[in-house]
Amino acid sequence: MSSKGFDRKHSLVIALALLGLGLATLLGYYFIYVPHMKEEETITQTSMILMDTVVDVRVDGRGSADLVKKAFAVMEGLEKSLSRFEEESEVSKVNDQAGAWVKVSPTTLKLIQLGIEIGEKTEGAFDITIGAVLDLWGFGTGRHQVPDDEELAQALATVDYRQIEVDQTKGQVRIPAGTVLDLGGIAKGFIVDNGTALLRQGKVQRSIINAGGDISVIGRRPDNEPWRVGVQDPDLPSDIRWILPLDNRSVVTSGDYQRYFIQDGQRWHHIIDPKTGYPARGLKSVTIVGGDAATSDALSTAVFVLGMEEGRALVEKSPNIEGILISEDDVWISPGLASVVVAQ
Ligand code: AMP
Ligand code: MG
């Protein structure tokens, strides 16, 4: 072969190789890189009714659709074991067999334990044995009425978190006969925490779970600013009174406008003072910001029961807890929040 022929063939091979390389790059760009980038940008936002409230989950980034699905599955599963209105739930078993030891999952045991601890911390303002009293008021069943004093006294006699026995080794719990366990003041936050934990394991860039005001976030907004959460005006819940920035934390609000009925011209709401058996009077709403949603949830209920002065003292002495307390004629914003909330 002449050297000319060899050169021509050589150039042809090089040209073909370059063409192949170019084609591969192009195909790689369209079939691997572009879909990958699209994945990165994907935002999945889904709502579902859980625990009687609309639960919103937003996740940004790779695999977001799958992670949202998994987060809902975890939360749905937990609701099934923690709600006392689900016949087959673990809490229903504890209630149905009150007086006897009942085996429960480590997760349920953990939440009951946390409920007891917050009972201790708040000297019983938060009490997860409040179920019988709630039943009399019809919260849960929907048959709302103001109970008579005798019935109320009987129900109140079954309320005492100190009577709950927990056997960690055997994974079981026992409540006295007649007592009704109700995790309504803490379970929502706990469920949100578990959804958030799953998303954290999935290494999501950013997310927000909002279960009717029990909110937990990961990361920051796409513009690298903290998430913003609105605090409602308890007198006009469609109005936002403050905006607070939220960075990898949780915020929970308890309010007298969330669940209530009107009888004899009065509003009877769902947050009960375990000392009296009546809806706690004094505050209209309590917003708590904390590291985890379960603790924030329980504390928002407890602070609501304690009222302005004692509630404020509890927020002040709790490490890493901030709060906004609103009464008829007063507002208190804890020092750690005062400088960052924006009034609307
Ligand atoms: P939250 O909306 O988080 O303030 O919780 C209110 C729910 O907690 C009610 O619907 C009840 O299920 C439950 N609850 C009411 N009063 C108390 C209380 N004093 N301690 C613990 N749980 C309570
Ligand atoms: Mg609560």
# chains A, B, ... in the order shown; residues from 1 in each chain; ligands from 1
call {"tool": "residues_near_ligand", "arguments": {"ligand": "ligand 2", "cutoff": "7 Å", "atoms": "only C-alpha atoms and all ligand atoms", "output": "VMD selection string"}}
result
chain A and resid 185 to 186 254 297 to 301
call {"tool": "write_last_selection", "arguments": {"atoms": "all heavy atoms", "output": "PDB file, in the first residue's frame"}}
result
ATOM      1  N   GLY A 185     -52.354  14.898  71.510  1.00  0.00           N
ATOM      2  CA  GLY A 185     -51.610  16.141  71.713  1.00  0.00           C
ATOM      3  C   GLY A 185     -50.143  16.031  71.323  1.00  0.00           C
ATOM      4  O   GLY A 185     -49.403  17.018  71.380  1.00  0.00           O
ATOM      5  N   ILE A 186     -49.711  14.838  70.902  1.00  0.00           N
ATOM      6  CA  ILE A 186     -48.278  14.641  70.633  1.00  0.00           C
ATOM      7  C   ILE A 186     -48.028  13.812  69.371  1.00  0.00           C
ATOM      8  O   ILE A 186     -46.977  13.934  68.732  1.00  0.00           O
ATOM      9  CB  ILE A 186     -47.605  13.990  71.875  1.00  0.00           C
ATOM     10  CG1 ILE A 186     -46.086  13.981  71.762  1.00  0.00           C
ATOM     11  CG2 ILE A 186     -48.131  12.582  72.136  1.00  0.00           C
ATOM     12  CD1 ILE A 186     -45.370  13.547  73.036  1.00  0.00           C
ATOM     13  N   SER A 254     -50.914  25.306  68.705  1.00  0.00           N
ATOM     14  CA  SER A 254     -52.167  24.848  69.317  1.00  0.00           C
ATOM     15  C   SER A 254     -53.069  26.058  69.440  1.00  0.00           C
ATOM     16  O   SER A 254     -52.634  27.102  69.923  1.00  0.00           O
ATOM     17  CB  SER A 254     -51.922  24.310  70.731  1.00  0.00           C
ATOM     18  OG  SER A 254     -51.262  23.074  70.672  1.00  0.00           O
ATOM     19  N   ASP A 297     -44.952  19.750  69.723  1.00  0.00           N
ATOM     20  CA  ASP A 297     -46.398  19.490  69.728  1.00  0.00           C
ATOM     21  C   ASP A 297     -46.915  19.379  71.170  1.00  0.00           C
ATOM     22  O   ASP A 297     -47.868  20.059  71.579  1.00  0.00           O
ATOM     23  CB  ASP A 297     -46.669  18.181  68.961  1.00  0.00           C
ATOM     24  CG  ASP A 297     -48.138  17.953  68.696  1.00  0.00           C
ATOM     25  OD1 ASP A 297     -48.967  18.778  69.125  1.00  0.00           O
ATOM     26  OD2 ASP A 297     -48.475  16.930  68.059  1.00  0.00           O
ATOM     27  N   ALA A 298     -46.262  18.540  71.955  1.00  0.00           N
ATOM     28  CA  ALA A 298     -46.693  18.354  73.345  1.00  0.00           C
ATOM     29  C   ALA A 298     -46.573  19.658  74.127  1.00  0.00           C
ATOM     30  O   ALA A 298     -47.460  20.015  74.903  1.00  0.00           O
ATOM     31  CB  ALA A 298     -45.861  17.258  74.003  1.00  0.00           C
ATOM     32  N   LEU A 299     -45.475  20.392  73.881  1.00  0.00           N
ATOM     33  CA  LEU A 299     -45.287  21.641  74.625  1.00  0.00           C
ATOM     34  C   LEU A 299     -46.313  22.696  74.229  1.00  0.00           C
ATOM     35  O   LEU A 299     -46.756  23.481  75.067  1.00  0.00           O
ATOM     36  CB  LEU A 299     -43.862  22.175  74.427  1.00  0.00           C
ATOM     37  CG  LEU A 299     -42.780  21.411  75.188  1.00  0.00           C
ATOM     38  CD1 LEU A 299     -41.407  22.030  74.924  1.00  0.00           C
ATOM     39  CD2 LEU A 299     -43.054  21.382  76.697  1.00  0.00           C
ATOM     40  N   SER A 300     -46.722  22.707  72.954  1.00  0.00           N
ATOM     41  CA  SER A 300     -47.715  23.719  72.561  1.00  0.00           C
ATOM     42  C   SER A 300     -49.027  23.463  73.307  1.00  0.00           C
ATOM     43  O   SER A 300     -49.676  24.397  73.781  1.00  0.00           O
ATOM     44  CB  SER A 300     -47.918  23.736  71.043  1.00  0.00           C
ATOM     45  OG  SER A 300     -48.615  22.596  70.605  1.00  0.00           O
ATOM     46  N   THR A 301     -49.394  22.191  73.443  1.00  0.00           N
ATOM     47  CA  THR A 301     -50.613  21.849  74.182  1.00  0.00           C
ATOM     48  C   THR A 301     -50.447  22.202  75.669  1.00  0.00           C
ATOM     49  O   THR A 301     -51.328  22.809  76.281  1.00  0.00           O
ATOM     50  CB  THR A 301     -50.914  20.338  74.014  1.00  0.00           C
ATOM     51  OG1 THR A 301     -50.865  20.024  72.623  1.00  0.00           O
ATOM     52  CG2 THR A 301     -52.277  19.977  74.566  1.00  0.00           C
TER      53      THR A 301
END
call {"tool": "residues_near_ligand", "arguments": {"ligand": "ligand 1", "cutoff": "7 Å", "atoms": "only C-alpha atoms and all ligand atoms", "output": "list in words"}}
result
Ala125, Phe126, Asp127, Ile128, Ile130, Leu134, Phe139, Asp182, Leu183, Gly184, Gly185, Ile186, Ser254, Gly255, His270, Ile271, Ile272, Asp273, Pro274, Asp297, Ala298, Ser300, Thr301, Ala302 and Val305 of chain A
call {"tool": "atom_distance", "arguments": {"atom1": "CA of Thr276 in chain A", "atom2": "CA of Ile164 in chain A"}}
result
20.4 Å
call {"tool": "select_by_dssp", "arguments": {"residues": "range 152-185 of chain A", "states": "alpha helix (DSSP H)", "output": "NGL selection string"}}
result
:A and (152-156)
call {"tool": "closest_residue", "arguments": {"among": "A:Val57, A:Leu136, A:Ala187, A:Val166", "to": "Leu152 in chain A", "atoms": "only C-alpha atoms"}}
result
A:Leu136
call {"tool": "residues_around", "arguments": {"residues": "range 310-312 of chain A", "least_positions_apart": "2", "cutoff": "10 Å", "atoms": "only C-alpha atoms", "output": "list of chain:residue names"}}
result
A:Thr122, A:Ala125, A:Leu283, A:Val286, A:Leu299, A:Ser300, A:Thr301, A:Ala302, A:Val303, A:Phe304, A:Val305, A:Leu306, A:Gly307, A:Met308, A:Leu314, A:Val315, A:Glu316, A:Lys317, A:Glu322, A:Gly323, A:Ile324, A:Leu325, A:Trp332, A:Ile333, A:Ser334
call {"tool": "select_by_dssp", "arguments": {"residues": "range 220-284 of chain A", "states": "strand (DSSP E or B)", "output": "PyMOL selection string"}}
result
chain A and resi 227-233+236-246+250-255+260-263+266-269+272+279+283-284
call {"tool": "decode", "arguments": {"residues": "range 121-169 of chain A", "atoms": "C-alpha atoms", "output": "mmCIF file, in the first residue's frame"}}
result
data_model
loop_
_atom_site.group_PDB
_atom_site.id
_atom_site.type_symbol
_atom_site.label_atom_id
_atom_site.label_comp_id
_atom_site.auth_asym_id
_atom_site.auth_seq_id
_atom_site.Cartn_x
_atom_site.Cartn_y
_atom_site.Cartn_z
ATOM 1 C CA LYS A 121 -41.973 18.306 82.988
ATOM 2 C CA THR A 122 -45.274 20.209 82.921
ATOM 3 C CA GLU A 123 -46.526 18.818 86.239
ATOM 4 C CA GLY A 124 -49.502 17.254 84.574
ATOM 5 C CA ALA A 125 -50.640 20.154 82.382
ATOM 6 C CA PHE A 126 -49.913 17.704 79.575
ATOM 7 C CA ASP A 127 -51.487 14.361 80.389
ATOM 8 C CA ILE A 128 -51.889 11.547 77.859
ATOM 9 C CA THR A 129 -54.480 9.825 80.067
ATOM 10 C CA ILE A 130 -56.999 12.587 79.294
ATOM 11 C CA GLY A 131 -59.043 10.290 76.967
ATOM 12 C CA ALA A 132 -62.102 9.705 79.176
ATOM 13 C CA VAL A 133 -62.602 13.455 79.615
ATOM 14 C CA LEU A 134 -62.296 14.087 75.877
ATOM 15 C CA ASP A 135 -64.907 11.392 75.280
ATOM 16 C CA LEU A 136 -67.387 13.205 77.524
ATOM 17 C CA TRP A 137 -66.928 16.389 75.523
ATOM 18 C CA GLY A 138 -67.357 14.424 72.329
ATOM 19 C CA PHE A 139 -63.959 15.337 70.895
ATOM 20 C CA GLY A 140 -63.143 12.430 68.643
ATOM 21 C CA THR A 141 -66.646 11.039 68.324
ATOM 22 C CA GLY A 142 -68.118 14.320 67.092
ATOM 23 C CA ARG A 143 -71.047 14.148 69.572
ATOM 24 C CA HIS A 144 -70.195 17.431 71.204
ATOM 25 C CA GLN A 145 -71.785 18.517 74.484
ATOM 26 C CA VAL A 146 -70.901 20.187 77.759
ATOM 27 C CA PRO A 147 -70.769 17.302 80.262
ATOM 28 C CA ASP A 148 -72.428 17.428 83.661
ATOM 29 C CA ASP A 149 -70.250 17.893 86.716
ATOM 30 C CA GLU A 150 -70.708 14.431 88.163
ATOM 31 C CA GLU A 151 -69.746 12.673 84.944
ATOM 32 C CA LEU A 152 -66.792 14.997 84.600
ATOM 33 C CA ALA A 153 -65.573 14.265 88.118
ATOM 34 C CA GLN A 154 -65.738 10.534 87.409
ATOM 35 C CA ALA A 155 -63.815 10.876 84.162
ATOM 36 C CA LEU A 156 -61.248 13.154 85.791
ATOM 37 C CA ALA A 157 -60.554 10.483 88.410
ATOM 38 C CA THR A 158 -59.126 8.288 85.618
ATOM 39 C CA VAL A 159 -56.652 10.986 84.493
ATOM 40 C CA ASP A 160 -53.120 10.603 85.843
ATOM 41 C CA TYR A 161 -50.091 9.977 83.636
ATOM 42 C CA ARG A 162 -48.143 8.757 86.708
ATOM 43 C CA GLN A 163 -50.297 5.631 86.746
ATOM 44 C CA ILE A 164 -48.998 4.497 83.342
ATOM 45 C CA GLU A 165 -46.523 1.654 83.741
ATOM 46 C CA VAL A 166 -43.908 1.031 81.084
ATOM 47 C CA ASP A 167 -41.809 -2.145 80.950
ATOM 48 C CA GLN A 168 -38.977 -1.376 78.541
ATOM 49 C CA THR A 169 -37.429 -4.836 78.727
#
